[in-house]
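Asker: File follows, model_39.txt with compact mmCIF, C-alpha atoms:
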```
# COMPACT_ATOMS: atom_id res chain seq x y z
CA MET A 1 -16.99 -47.15 -43.98
CA SER A 2 -14.00 -45.05 -42.97
CA PHE A 3 -10.50 -45.72 -41.69
CA HIS A 4 -9.23 -44.43 -38.33
CA THR A 5 -6.07 -44.75 -36.28
CA LEU A 6 -5.34 -44.62 -32.57
CA ASP A 7 -1.97 -44.16 -30.90
CA ALA A 8 -1.82 -46.26 -27.70
CA ARG A 9 1.96 -46.63 -27.62
CA ARG A 10 3.72 -46.58 -24.23
CA LEU A 11 0.41 -47.29 -22.49
CA LEU A 12 0.09 -50.44 -20.43
CA CYS A 13 -3.05 -52.53 -20.27
CA PRO A 14 -5.82 -51.84 -19.64
CA MET A 15 -5.23 -48.28 -20.91
CA PRO A 16 -4.96 -49.29 -24.60
CA VAL A 17 -8.25 -51.19 -24.19
CA ILE A 18 -9.91 -48.16 -22.56
CA ARG A 19 -8.65 -45.82 -25.32
CA THR A 20 -9.88 -48.28 -27.96
CA GLN A 21 -13.28 -48.57 -26.27
CA ASN A 22 -13.65 -44.79 -26.03
CA LYS A 23 -12.55 -44.22 -29.63
CA ILE A 24 -14.97 -46.82 -30.96
CA LYS A 25 -17.88 -45.01 -29.27
CA SER A 26 -17.44 -42.24 -31.85
CA LEU A 27 -17.23 -44.59 -34.87
CA GLN A 28 -19.84 -46.22 -37.09
CA ALA A 29 -20.48 -49.92 -37.68
CA GLY A 30 -18.18 -51.14 -40.46
CA ASP A 31 -15.47 -48.54 -39.76
CA ILE A 32 -11.92 -49.81 -39.45
CA LEU A 33 -9.72 -48.80 -36.53
CA GLU A 34 -5.99 -49.43 -36.43
CA VAL A 35 -4.48 -49.23 -32.93
CA SER A 36 -0.71 -48.86 -32.44
CA CYS A 37 0.53 -50.32 -29.15
CA THR A 38 3.73 -51.33 -27.39
CA ASP A 39 2.39 -53.44 -24.49
CA PRO A 40 2.25 -57.09 -25.63
CA GLY A 41 -0.72 -57.58 -23.28
CA VAL A 42 -2.92 -56.02 -25.98
CA ILE A 43 -2.55 -59.14 -28.12
CA GLN A 44 -4.81 -60.87 -25.57
CA ASP A 45 -6.83 -57.98 -24.22
CA ILE A 46 -8.02 -56.07 -27.30
CA PRO A 47 -9.32 -59.18 -29.13
CA ALA A 48 -11.04 -60.28 -25.87
CA TRP A 49 -12.63 -56.86 -25.50
CA CYS A 50 -13.75 -56.99 -29.17
CA ARG A 51 -15.29 -60.46 -28.76
CA ILE A 52 -17.40 -59.51 -25.75
CA ASN A 53 -18.49 -56.17 -27.15
CA GLY A 54 -19.48 -57.23 -30.64
CA HIS A 55 -16.55 -55.96 -32.69
CA THR A 56 -14.27 -57.97 -34.95
CA CYS A 57 -10.54 -58.06 -34.40
CA LEU A 58 -9.10 -58.54 -37.88
CA GLY A 59 -5.65 -59.47 -36.54
CA HIS A 60 -2.40 -57.89 -35.52
CA GLU A 61 1.04 -57.38 -37.00
CA MET A 62 4.39 -56.51 -35.49
CA VAL A 63 6.11 -53.49 -37.00
CA ASP A 64 9.50 -52.93 -35.34
CA ASP A 65 8.67 -52.75 -31.62
CA GLN A 66 5.04 -51.91 -32.23
CA ILE A 67 1.93 -54.03 -32.34
CA ILE A 68 -0.66 -52.84 -34.84
CA ILE A 69 -4.15 -54.20 -34.18
CA LYS A 70 -6.91 -53.83 -36.76
CA ILE A 71 -10.55 -53.78 -35.68
CA GLU A 72 -13.80 -53.68 -37.62
CA VAL A 73 -16.43 -51.84 -35.60
CA GLY A 74 -19.60 -53.85 -35.01
CA GLN A 75 -23.19 -52.81 -34.33
CA ASP A 76 -23.72 -51.29 -30.88
CA MET B 1 -44.78 -59.85 -21.00
CA THR B 2 -42.59 -59.06 -17.99
CA LYS B 3 -39.91 -56.51 -18.69
CA GLN B 4 -36.41 -57.94 -18.50
CA ARG B 5 -34.54 -56.05 -15.83
CA LYS B 6 -31.01 -54.81 -16.35
CA ALA B 7 -28.16 -54.89 -13.85
CA VAL B 8 -24.61 -53.66 -14.03
CA ALA B 9 -22.17 -55.90 -12.17
CA LEU B 10 -18.88 -54.63 -10.77
CA ILE B 11 -16.35 -57.04 -12.25
CA SER B 12 -12.91 -57.13 -10.65
CA GLY B 13 -11.71 -60.26 -12.39
CA GLY B 14 -11.90 -62.34 -9.21
CA LEU B 15 -14.17 -65.24 -8.38
CA ASP B 16 -16.78 -63.44 -6.27
CA SER B 17 -17.79 -60.90 -8.89
CA LEU B 18 -17.84 -63.64 -11.53
CA LEU B 19 -20.26 -65.65 -9.40
CA ALA B 20 -22.46 -62.69 -8.43
CA ALA B 21 -22.97 -61.79 -12.09
CA LYS B 22 -23.65 -65.44 -12.97
CA VAL B 23 -26.30 -65.71 -10.24
CA MET B 24 -28.10 -62.75 -11.82
CA LEU B 25 -27.85 -64.22 -15.32
CA GLU B 26 -29.33 -67.46 -14.00
CA GLN B 27 -32.34 -65.45 -12.81
CA GLY B 28 -32.91 -64.04 -16.28
CA VAL B 29 -31.52 -60.57 -15.57
CA HIS B 30 -29.70 -58.76 -18.40
CA VAL B 31 -26.21 -58.17 -16.99
CA GLU B 32 -23.38 -56.01 -18.23
CA GLY B 33 -20.08 -55.66 -16.41
CA ILE B 34 -18.26 -52.54 -15.32
CA ASN B 35 -14.64 -52.39 -14.27
CA PHE B 36 -13.02 -49.29 -12.80
CA TYR B 37 -9.37 -48.64 -13.52
CA THR B 38 -7.82 -46.66 -10.66
CA GLY B 39 -4.18 -46.98 -11.70
CA PHE B 40 -3.53 -49.24 -8.70
CA CYS B 41 -5.14 -52.34 -10.16
CA VAL B 42 -2.84 -55.33 -10.15
CA GLU B 43 -4.32 -56.35 -13.51
CA GLY B 44 -2.20 -55.72 -16.53
CA HIS B 45 0.77 -53.57 -15.73
CA THR B 46 3.14 -55.80 -13.85
CA HIS B 47 2.22 -58.69 -16.12
CA ALA B 48 3.54 -56.57 -18.96
CA ILE B 49 6.68 -55.41 -17.21
CA ARG B 50 8.30 -58.34 -15.47
CA LYS B 51 9.94 -61.08 -17.43
CA LYS B 52 9.14 -63.69 -14.78
CA SER B 53 5.51 -63.64 -15.92
CA LYS B 54 6.48 -64.62 -19.44
CA ASP B 55 5.31 -68.19 -19.04
CA LYS B 56 1.85 -67.07 -17.97
CA VAL B 57 -0.77 -65.87 -20.41
CA LYS B 58 -0.98 -62.10 -20.06
CA ARG B 59 -4.72 -61.91 -19.75
CA ASN B 60 -6.89 -59.30 -18.12
CA ASN B 61 -9.07 -61.22 -15.68
CA ALA B 62 -11.98 -58.77 -15.80
CA LEU B 63 -12.19 -59.22 -19.58
CA TRP B 64 -11.77 -62.94 -19.15
CA SER B 65 -14.61 -63.06 -16.57
CA ALA B 66 -16.90 -61.13 -18.90
CA GLU B 67 -16.11 -63.52 -21.71
CA GLN B 68 -16.88 -66.53 -19.51
CA LEU B 69 -20.18 -64.92 -18.59
CA GLY B 70 -20.99 -63.87 -22.16
CA ILE B 71 -21.60 -60.27 -21.09
CA LYS B 72 -20.32 -56.89 -22.23
CA LEU B 73 -17.67 -55.21 -20.10
CA HIS B 74 -17.26 -51.45 -19.80
CA ILE B 75 -13.83 -50.43 -18.49
CA VAL B 76 -13.84 -46.97 -16.99
CA ASP B 77 -10.75 -44.84 -16.41
CA VAL B 78 -11.15 -43.25 -12.95
CA ILE B 79 -7.46 -42.44 -12.38
CA ASP B 80 -7.98 -38.71 -11.80
CA GLU B 81 -11.16 -38.97 -9.74
CA TYR B 82 -9.60 -41.70 -7.62
CA LYS B 83 -6.89 -39.35 -6.31
CA ASP B 84 -9.32 -37.78 -3.85
CA VAL B 85 -10.37 -41.22 -2.61
CA LEU B 86 -6.78 -42.17 -1.89
CA ILE B 87 -5.58 -38.84 -0.55
CA ASN B 88 -8.60 -37.96 1.63
CA PRO B 89 -10.36 -41.17 2.67
CA LYS B 90 -13.24 -40.31 4.99
CA HIS B 91 -13.02 -43.76 6.59
CA GLY B 92 -9.23 -43.93 6.69
CA TYR B 93 -6.92 -46.66 5.51
CA GLY B 94 -6.79 -50.40 6.10
CA ALA B 95 -3.65 -52.30 7.09
CA ASN B 96 -1.68 -50.45 4.40
CA MET B 97 -2.59 -47.46 2.19
CA ASN B 98 -5.80 -49.15 1.07
CA PRO B 99 -8.86 -46.93 1.52
CA CYS B 100 -11.13 -49.93 0.92
CA LEU B 101 -14.36 -48.57 2.37
CA ASP B 102 -14.14 -45.23 0.56
CA CYS B 103 -13.00 -47.06 -2.58
CA LYS B 104 -15.99 -49.38 -2.68
CA GLY B 105 -18.34 -46.48 -1.95
CA PHE B 106 -16.75 -44.52 -4.79
CA MET B 107 -17.10 -47.40 -7.23
CA VAL B 108 -20.73 -48.06 -6.34
CA LYS B 109 -21.44 -44.33 -6.70
CA LYS B 110 -19.83 -44.39 -10.18
CA ALA B 111 -21.90 -47.47 -11.03
CA LEU B 112 -25.03 -45.63 -9.88
CA GLN B 113 -24.21 -42.76 -12.25
CA TRP B 114 -23.68 -45.31 -15.00
CA ILE B 115 -27.04 -47.06 -14.51
CA GLU B 116 -28.81 -43.69 -14.50
CA GLU B 117 -27.13 -42.70 -17.76
CA ASN B 118 -27.70 -46.06 -19.41
CA ASP B 119 -31.22 -46.85 -18.18
CA PHE B 120 -30.28 -49.88 -16.09
CA ASP B 121 -32.24 -50.93 -12.99
CA PHE B 122 -29.75 -51.94 -10.31
CA ILE B 123 -26.17 -52.67 -9.29
CA VAL B 124 -24.62 -56.02 -8.39
CA THR B 125 -21.38 -56.65 -6.51
CA GLY B 126 -19.63 -59.83 -5.43
CA GLU B 127 -19.20 -58.69 -1.83
CA VAL B 128 -19.36 -61.30 0.90
CA ILE B 129 -19.82 -60.44 4.58
CA GLY B 130 -16.60 -60.94 6.47
CA GLN B 131 -14.53 -61.49 3.33
CA ARG B 132 -12.48 -58.31 3.75
CA PRO B 133 -11.63 -56.72 7.09
CA MET B 134 -12.60 -53.18 6.11
CA SER B 135 -15.16 -52.90 3.35
CA GLN B 136 -16.92 -56.26 3.60
CA ARG B 137 -18.27 -56.35 7.14
CA LYS B 138 -21.88 -56.47 8.23
CA ASP B 139 -21.59 -53.00 9.76
CA THR B 140 -19.77 -51.39 6.82
CA MET B 141 -21.76 -52.82 3.93
CA PRO B 142 -24.79 -50.57 4.70
CA VAL B 143 -22.37 -47.61 4.80
CA ILE B 144 -21.40 -48.31 1.18
CA ALA B 145 -25.03 -48.54 0.10
CA ARG B 146 -25.93 -45.33 1.93
CA GLU B 147 -22.93 -43.14 1.14
CA SER B 148 -22.84 -44.11 -2.53
CA GLY B 149 -26.49 -43.11 -2.84
CA ALA B 150 -27.31 -46.52 -4.31
CA ASN B 151 -29.27 -47.58 -1.20
CA ASP B 152 -31.61 -50.45 -2.07
CA LEU B 153 -30.49 -50.53 -5.69
CA LEU B 154 -27.32 -52.29 -4.54
CA LEU B 155 -27.69 -56.08 -4.47
CA ARG B 156 -25.02 -58.47 -3.18
CA PRO B 157 -26.27 -61.85 -4.40
CA LEU B 158 -23.63 -63.92 -2.55
CA CYS B 159 -24.66 -62.73 0.93
CA ALA B 160 -28.08 -61.16 0.24
CA LYS B 161 -29.86 -63.39 2.74
CA PHE B 162 -27.91 -61.77 5.58
CA LEU B 163 -28.87 -58.28 4.43
CA PRO B 164 -32.12 -56.31 4.26
CA GLU B 165 -34.23 -56.84 1.14
CA THR B 166 -33.25 -54.64 -1.77
CA LYS B 167 -35.55 -53.16 -4.41
CA PRO B 168 -34.82 -55.91 -6.97
CA GLU B 169 -35.94 -58.47 -4.37
CA LYS B 170 -38.96 -56.50 -3.15
CA GLU B 171 -40.16 -55.86 -6.69
CA GLY B 172 -39.69 -59.49 -7.68
CA TRP B 173 -37.05 -58.68 -10.32
CA VAL B 174 -34.96 -61.37 -8.64
CA ASP B 175 -35.95 -64.26 -6.39
CA ARG B 176 -34.44 -63.78 -2.92
CA GLU B 177 -34.80 -67.50 -2.24
CA LYS B 178 -32.28 -68.19 -4.99
CA LEU B 179 -29.68 -65.83 -3.52
CA TYR B 180 -26.94 -66.90 -1.11
CA GLU B 181 -25.75 -66.55 2.47
CA PHE B 182 -21.98 -66.76 2.14
CA SER B 183 -19.87 -65.24 4.89
CA GLY B 184 -16.36 -65.18 6.24
CA ARG B 185 -12.98 -65.61 4.66
CA THR B 186 -13.43 -69.20 3.59
CA ARG B 187 -13.59 -69.65 -0.17
CA LYS B 188 -15.15 -73.10 -0.06
CA PRO B 189 -18.79 -72.08 -0.76
CA GLN B 190 -17.63 -69.92 -3.67
CA MET B 191 -15.50 -72.75 -5.06
CA ALA B 192 -18.45 -75.14 -4.78
CA LEU B 193 -20.72 -72.68 -6.58
CA ALA B 194 -18.07 -72.13 -9.26
CA LYS B 195 -18.00 -75.86 -9.80
CA GLU B 196 -21.78 -75.96 -10.02
CA PHE B 197 -21.68 -73.26 -12.70
CA GLY B 198 -18.89 -75.06 -14.55
CA PHE B 199 -16.16 -72.49 -13.91
CA VAL B 200 -12.88 -74.36 -13.58
CA ASP B 201 -10.34 -71.63 -14.23
CA TYR B 202 -10.66 -68.39 -12.28
CA ALA B 203 -8.35 -65.85 -10.69
CA GLN B 204 -7.93 -65.79 -6.94
CA PRO B 205 -5.38 -63.07 -6.27
CA ALA B 206 -4.08 -63.25 -2.70
CA GLY B 207 -4.68 -59.93 -0.98
CA GLY B 208 -7.12 -58.73 -3.58
CA CYS B 209 -6.66 -56.94 -6.85
CA CYS B 210 -5.20 -53.64 -5.66
CA PHE B 211 -1.57 -52.64 -5.13
CA LEU B 212 -2.61 -50.45 -2.19
CA THR B 213 -3.20 -53.57 -0.08
CA ASP B 214 0.46 -54.51 -0.60
CA LYS B 215 2.80 -53.42 2.20
CA SER B 216 5.90 -52.80 0.13
CA TYR B 217 3.95 -50.82 -2.46
CA SER B 218 2.29 -48.75 0.28
CA ASP B 219 5.68 -48.08 1.92
CA ARG B 220 6.98 -46.74 -1.39
CA LEU B 221 3.94 -44.50 -1.79
CA VAL B 222 4.37 -43.07 1.71
CA ASP B 223 8.09 -42.54 1.02
CA LEU B 224 7.24 -40.68 -2.20
CA TRP B 225 4.84 -38.35 -0.41
CA LYS B 226 7.31 -37.75 2.42
CA ALA B 227 10.06 -36.87 -0.07
CA ARG B 228 7.71 -34.31 -1.61
CA ASP B 229 7.10 -32.53 1.71
CA ASP B 230 3.83 -34.42 2.17
CA ASN B 231 2.41 -33.17 -1.14
CA ARG B 232 0.21 -36.18 -1.82
CA ASN B 233 -0.76 -35.33 -5.37
CA TYR B 234 0.50 -37.86 -7.90
CA GLU B 235 0.60 -38.54 -11.61
CA MET B 236 0.12 -41.85 -13.38
CA ASP B 237 3.87 -42.10 -14.03
CA ASP B 238 4.54 -41.78 -10.28
CA ILE B 239 2.36 -44.71 -9.37
CA MET B 240 3.70 -46.75 -12.28
CA MET B 241 7.30 -46.24 -11.18
CA LEU B 242 6.45 -47.47 -7.67
CA LYS B 243 5.63 -50.86 -9.19
CA VAL B 244 8.98 -51.20 -10.92
CA GLY B 245 12.51 -51.95 -9.79
CA ARG B 246 14.42 -51.83 -6.54
CA HIS B 247 14.10 -48.44 -4.81
CA ILE B 248 17.01 -47.04 -2.81
CA ARG B 249 16.93 -43.63 -1.12
CA PRO B 250 20.46 -42.70 -0.02
CA LYS B 251 19.42 -39.12 0.85
CA SER B 252 16.07 -37.56 1.55
CA HIS B 253 16.10 -35.49 -1.67
CA PHE B 254 16.67 -38.29 -4.17
CA LYS B 255 16.16 -41.99 -4.71
CA LEU B 256 17.36 -44.51 -7.26
CA ILE B 257 15.10 -46.86 -9.18
CA ILE B 258 17.15 -49.88 -10.22
CA GLY B 259 15.89 -52.34 -12.83
CA ARG B 260 15.83 -55.90 -11.50
CA GLU B 261 15.71 -57.68 -14.83
CA ASP B 262 15.46 -57.13 -18.58
CA GLY B 263 11.71 -56.54 -18.60
CA GLU B 264 12.01 -53.77 -16.04
CA ASN B 265 15.08 -52.23 -17.72
CA LYS B 266 13.19 -52.13 -21.01
CA PHE B 267 10.12 -50.59 -19.40
CA MET B 268 12.20 -48.02 -17.51
CA SER B 269 14.08 -47.03 -20.66
CA GLY B 270 10.84 -45.36 -21.78
CA TYR B 271 11.38 -42.87 -18.94
CA LYS B 272 14.94 -41.87 -19.82
CA LYS B 273 13.91 -38.39 -20.94
CA GLN B 274 12.24 -37.69 -17.60
CA PHE B 275 15.06 -38.82 -15.31
CA THR B 276 18.82 -38.54 -15.06
CA HIS B 277 19.85 -42.14 -15.67
CA LEU B 278 22.90 -44.35 -15.28
CA HIS B 279 24.19 -47.66 -16.53
CA ALA B 280 27.49 -49.52 -16.51
CA THR B 281 29.45 -49.54 -19.78
CA SER B 282 32.41 -51.69 -18.69
CA CYS B 283 30.18 -54.62 -17.72
CA VAL B 284 26.56 -55.75 -17.72
CA GLY B 285 24.31 -53.90 -15.29
CA PRO B 286 20.87 -52.48 -14.70
CA LEU B 287 19.36 -49.23 -15.87
CA VAL B 288 19.12 -46.84 -12.93
CA LEU B 289 16.87 -43.77 -12.81
CA ILE B 290 17.41 -40.90 -10.36
CA ASP B 291 14.19 -39.47 -8.93
CA GLY B 292 14.96 -36.06 -7.41
CA GLU B 293 17.30 -33.13 -8.01
CA VAL B 294 20.91 -34.13 -7.57
CA ASN B 295 24.33 -32.43 -7.34
CA LYS B 296 27.75 -33.71 -8.40
CA GLU B 297 28.34 -35.51 -5.11
CA ASP B 298 24.94 -37.22 -5.29
CA ILE B 299 25.69 -38.42 -8.84
CA GLN B 300 29.01 -39.87 -7.68
CA LEU B 301 27.17 -41.83 -4.97
CA ALA B 302 24.46 -42.91 -7.44
CA ALA B 303 27.17 -44.18 -9.80
CA GLN B 304 28.80 -46.21 -7.01
CA ILE B 305 25.44 -47.77 -6.17
CA THR B 306 24.81 -48.47 -9.87
CA ALA B 307 28.20 -50.23 -9.96
CA ARG B 308 27.23 -52.24 -6.90
CA PHE B 309 24.26 -53.71 -8.76
CA SER B 310 26.28 -54.43 -11.92
CA LYS B 311 28.20 -57.59 -12.77
CA GLY B 312 31.37 -55.65 -11.93
CA ARG B 313 30.48 -55.31 -8.25
CA THR B 314 33.69 -57.11 -7.17
CA GLU B 315 35.96 -55.16 -9.54
CA PRO B 316 38.07 -52.26 -8.21
CA SER B 317 36.32 -49.89 -10.60
CA VAL B 318 33.40 -49.80 -13.02
CA THR B 319 32.70 -47.31 -15.79
CA ILE B 320 29.27 -45.72 -15.44
CA GLU B 321 27.60 -43.56 -18.05
CA VAL B 322 25.46 -40.81 -16.56
CA THR B 323 22.97 -39.07 -18.84
CA ASP B 324 20.93 -36.08 -17.76
CA LYS B 325 17.35 -35.21 -18.81
CA HIS B 326 18.71 -33.22 -21.78
CA GLY B 327 20.58 -36.24 -23.12
CA VAL B 328 24.06 -35.00 -22.13
CA SER B 329 26.26 -37.95 -21.08
CA ASN B 330 29.39 -38.28 -18.94
CA LEU B 331 31.54 -41.25 -18.06
CA LEU B 332 32.57 -41.83 -14.46
CA GLU B 333 35.06 -44.37 -13.13
CA VAL B 334 33.85 -45.43 -9.71
CA ALA B 335 34.54 -48.03 -7.04
CA PRO B 336 31.39 -50.09 -6.44
CA LEU B 337 29.95 -49.70 -2.95
CA LYS B 338 30.32 -52.74 -0.74
CA ALA B 339 27.15 -54.53 0.39
CA HIS B 340 27.50 -53.20 3.95
CA GLU B 341 27.82 -49.65 2.62
CA ILE B 342 24.17 -49.76 1.50
CA PRO B 343 22.29 -49.70 4.80
CA GLU B 344 18.91 -51.34 5.09
CA ALA B 345 17.40 -47.95 5.92
CA TRP B 346 18.10 -46.87 2.32
CA GLN B 347 15.88 -49.62 0.91
CA VAL B 348 12.37 -48.38 0.21
```
For the file at hand, write its structure as structure tokens.

Answerer:
Amino acid sequence: MSFHTLDARRLLCPMPVIRTQNKIKSLQAGDILEVSCTDPGVIQDIPAWCRINGHTCLGHEMVDDQIIIKIEVGQD
Amino acid sequence: MTKQRKAVALISGGLDSLLAAKVMLEQGVHVEGINFYTGFCVEGHTHAIRKKSKDKVKRNNALWSAEQLGIKLHIVDVIDEYKDVLINPKHGYGANMNPCLDCKGFMVKKALQWIEENDFDFIVTGEVIGQRPMSQRKDTMPVIARESGANDLLLRPLCAKFLPETKPEKEGWVDREKLYEFSGRTRKPQMALAKEFGFVDYAQPAGGCCFLTDKSYSDRLVDLWKARDDNRNYEMDDIMMLKVGRHIRPKSHFKLIIGREDGENKFMSGYKKQFTHLHATSCVGPLVLIDGEVNKEDIQLAAQITARFSKGRTEPSVTIEVTDKHGVSNLLEVAPLKAHEIPEAWQV
């Protein structure tokens, strides 16, 4: 298991979802990905994308104006 | 044991693609969704920008459709490749700057590449004959199948009975008898089928899911190209800015983008380093970006227009802070323009 980050700030949905999807393709099951975003739409969209694609959204937190979403990569 | 066949369904987030994918699932086909992001999709962006949408859940309808269907969804960024579709459409534009026929052909072609790379068997779309005036007509639907190269690997379950048999039907991967014969602009058959499948909440965007079908958006795009001496190339930021604010072009070489509410002002503030920008300091007012190269006289006029859209519009003078791309600011005292001094021809 390894820890990874992705900067999706200033991108509007669905771009943060696309960047997350593309990043996860290079990761292993069990890896943790932390995505930094500014578009509040990600609070709906990234968990929805995780649910339908077999990944686990571990939650999100607000840090200043940013939304940090944590994902555990599932099996392909 | 019969091999389970695999289809990729183009999912826009609307009702038709939701139903087409569901019809395939009901026939035991393994379905995954694909959604192409061109940069002009109505999904997402404006929901995020404008405050008026705050009461609505900011959901992406393509993701939502996939979740209702219990299928995977692959979202593909085609922003760069799409430029050629928009700039040089072989079949021209629809009522506005919408190159619908070329667009659908492009998307089916991309889906064909995807099924080849991912070992899928065929492509499904939610097209319905007569639903759209350009891309969904009986005479243009074969054009999409042919020009995309998908040919008989392209199945439209909602109107398949009006069309020649496709490979999935011929090979018995799907039962043609259980496909549909929907046509025309009425949505009643789709709504009845949605009810049958138990879908009660689905998106039905008027005018489709693309900004290019919108007249005011298309007018802004044409204005942008004209102002750039018909250089039609564009960047993502260009097409984003066309979705935001009130656009006023007082002279051919520059225009103003004026925030209409807090959500837009906040979004536009992310572009301050790329544009000379103005705002009132003596009263409340919008953030205004200047798109184009401007001289001192132009800035004076831009400041007067900025004052016009501030709360101080009836005052004899308003203080406007003007900041250039390097972050250097100046204060100007200006008389707000009167309403009649902003001709309709300036509005983009």

Asker: Could you give me, as an mmCIF file with C-alpha atoms, in the coordinates of the input, the residues that have an atom at most 10 Å away from the point (-26.2, -65.4, 0.8) in the coordinates of the file, using all atoms listed in the file?

Answerer:
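Result file result.cif:
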```cif
data_model
loop_
_atom_site.group_PDB
_atom_site.id
_atom_site.type_symbol
_atom_site.label_atom_id
_atom_site.label_comp_id
_atom_site.auth_asym_id
_atom_site.auth_seq_id
_atom_site.Cartn_x
_atom_site.Cartn_y
_atom_site.Cartn_z
ATOM 1 C CA VAL B 128 -19.360 -61.300 0.900
ATOM 2 C CA ILE B 129 -19.820 -60.440 4.580
ATOM 3 C CA ARG B 156 -25.020 -58.470 -3.180
ATOM 4 C CA PRO B 157 -26.270 -61.850 -4.400
ATOM 5 C CA LEU B 158 -23.630 -63.920 -2.550
ATOM 6 C CA CYS B 159 -24.660 -62.730 0.930
ATOM 7 C CA ALA B 160 -28.080 -61.160 0.240
ATOM 8 C CA LYS B 161 -29.860 -63.390 2.740
ATOM 9 C CA PHE B 162 -27.910 -61.770 5.580
ATOM 10 C CA LEU B 163 -28.870 -58.280 4.430
ATOM 11 C CA ARG B 176 -34.440 -63.780 -2.920
ATOM 12 C CA GLU B 177 -34.800 -67.500 -2.240
ATOM 13 C CA LYS B 178 -32.280 -68.190 -4.990
ATOM 14 C CA LEU B 179 -29.680 -65.830 -3.520
ATOM 15 C CA TYR B 180 -26.940 -66.900 -1.110
ATOM 16 C CA GLU B 181 -25.750 -66.550 2.470
ATOM 17 C CA PHE B 182 -21.980 -66.760 2.140
ATOM 18 C CA SER B 183 -19.870 -65.240 4.890
#
```

Asker: Restricting the calculation to only C-alpha atoms: of B:Lys266, B:Lys104, B:Lys3, B:Arg146, which residue gets closest to chain A?

Answerer: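 Looking at the shortest contact to chain A, the residue is B:Lys266.
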
Asker: Kindly give the distance, in Å, that separates CA of Phe120 in chain B and CA of Lys6 in chain B, rounded to a single decimal.

Answerer: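 Going from CA of Phe120 in chain B over to CA of Lys6 in chain B, I get 5.0 Å.
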
Asker: I'd like to know which of B:Val318, B:Ile75, B:Ile87, B:Cys100 is closest to chain A, using all atoms listed in the file.

Answerer: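 Closest to chain A, using all atoms listed in the file: B:Ile75.
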
Asker: In the coordinates of the file, take the point (25.6, -33.5, -11.0) and a cut-off of 12 Å; then, counting all atoms listed in the file, name each qualifying protein, DNA or RNA residue as an MDAnalysis selection string.

Answerer: chainID B and resid 276:278 290 292:303 322:325 328:330 332

Asker: Do me a favour and pick out the residues of chain A within 7 Å of chain B, using only C-alpha atoms, as a PyMOL selection string.

Answerer: chain A and resi 12-14+18+39-41+44-45+48-49+52-53

Asker: So which one's closest to Ile32 in chain A, A:Ser2, A:Thr56, A:Gln75, A:Thr20? Using only C-alpha atoms, please.

Answerer: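 Of all the options, A:Ser2 lies closest to Ile32 in chain A.
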
Asker: To one decimal place in Å, what is the distance between CA of Thr2 in chain B and CA of Gln113 in chain B?

Answerer: 25.2 Å

Asker: With distances taken over only C-alpha atoms, which of B:Ala95, B:Leu224, B:Ala335, B:Leu154 is nearest to Ile115 in chain B?

Answerer: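 Looking only at the distances to Ile115 in chain B, the closest residue turns out to be B:Leu154.
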
Asker: Could you check the closest approach to Gly30 in chain A for each of A:Ile69, A:Met62, A:Met1, A:Ile43 and tell me which residue wins, using all atoms listed in the file?

Answerer: A:Met1
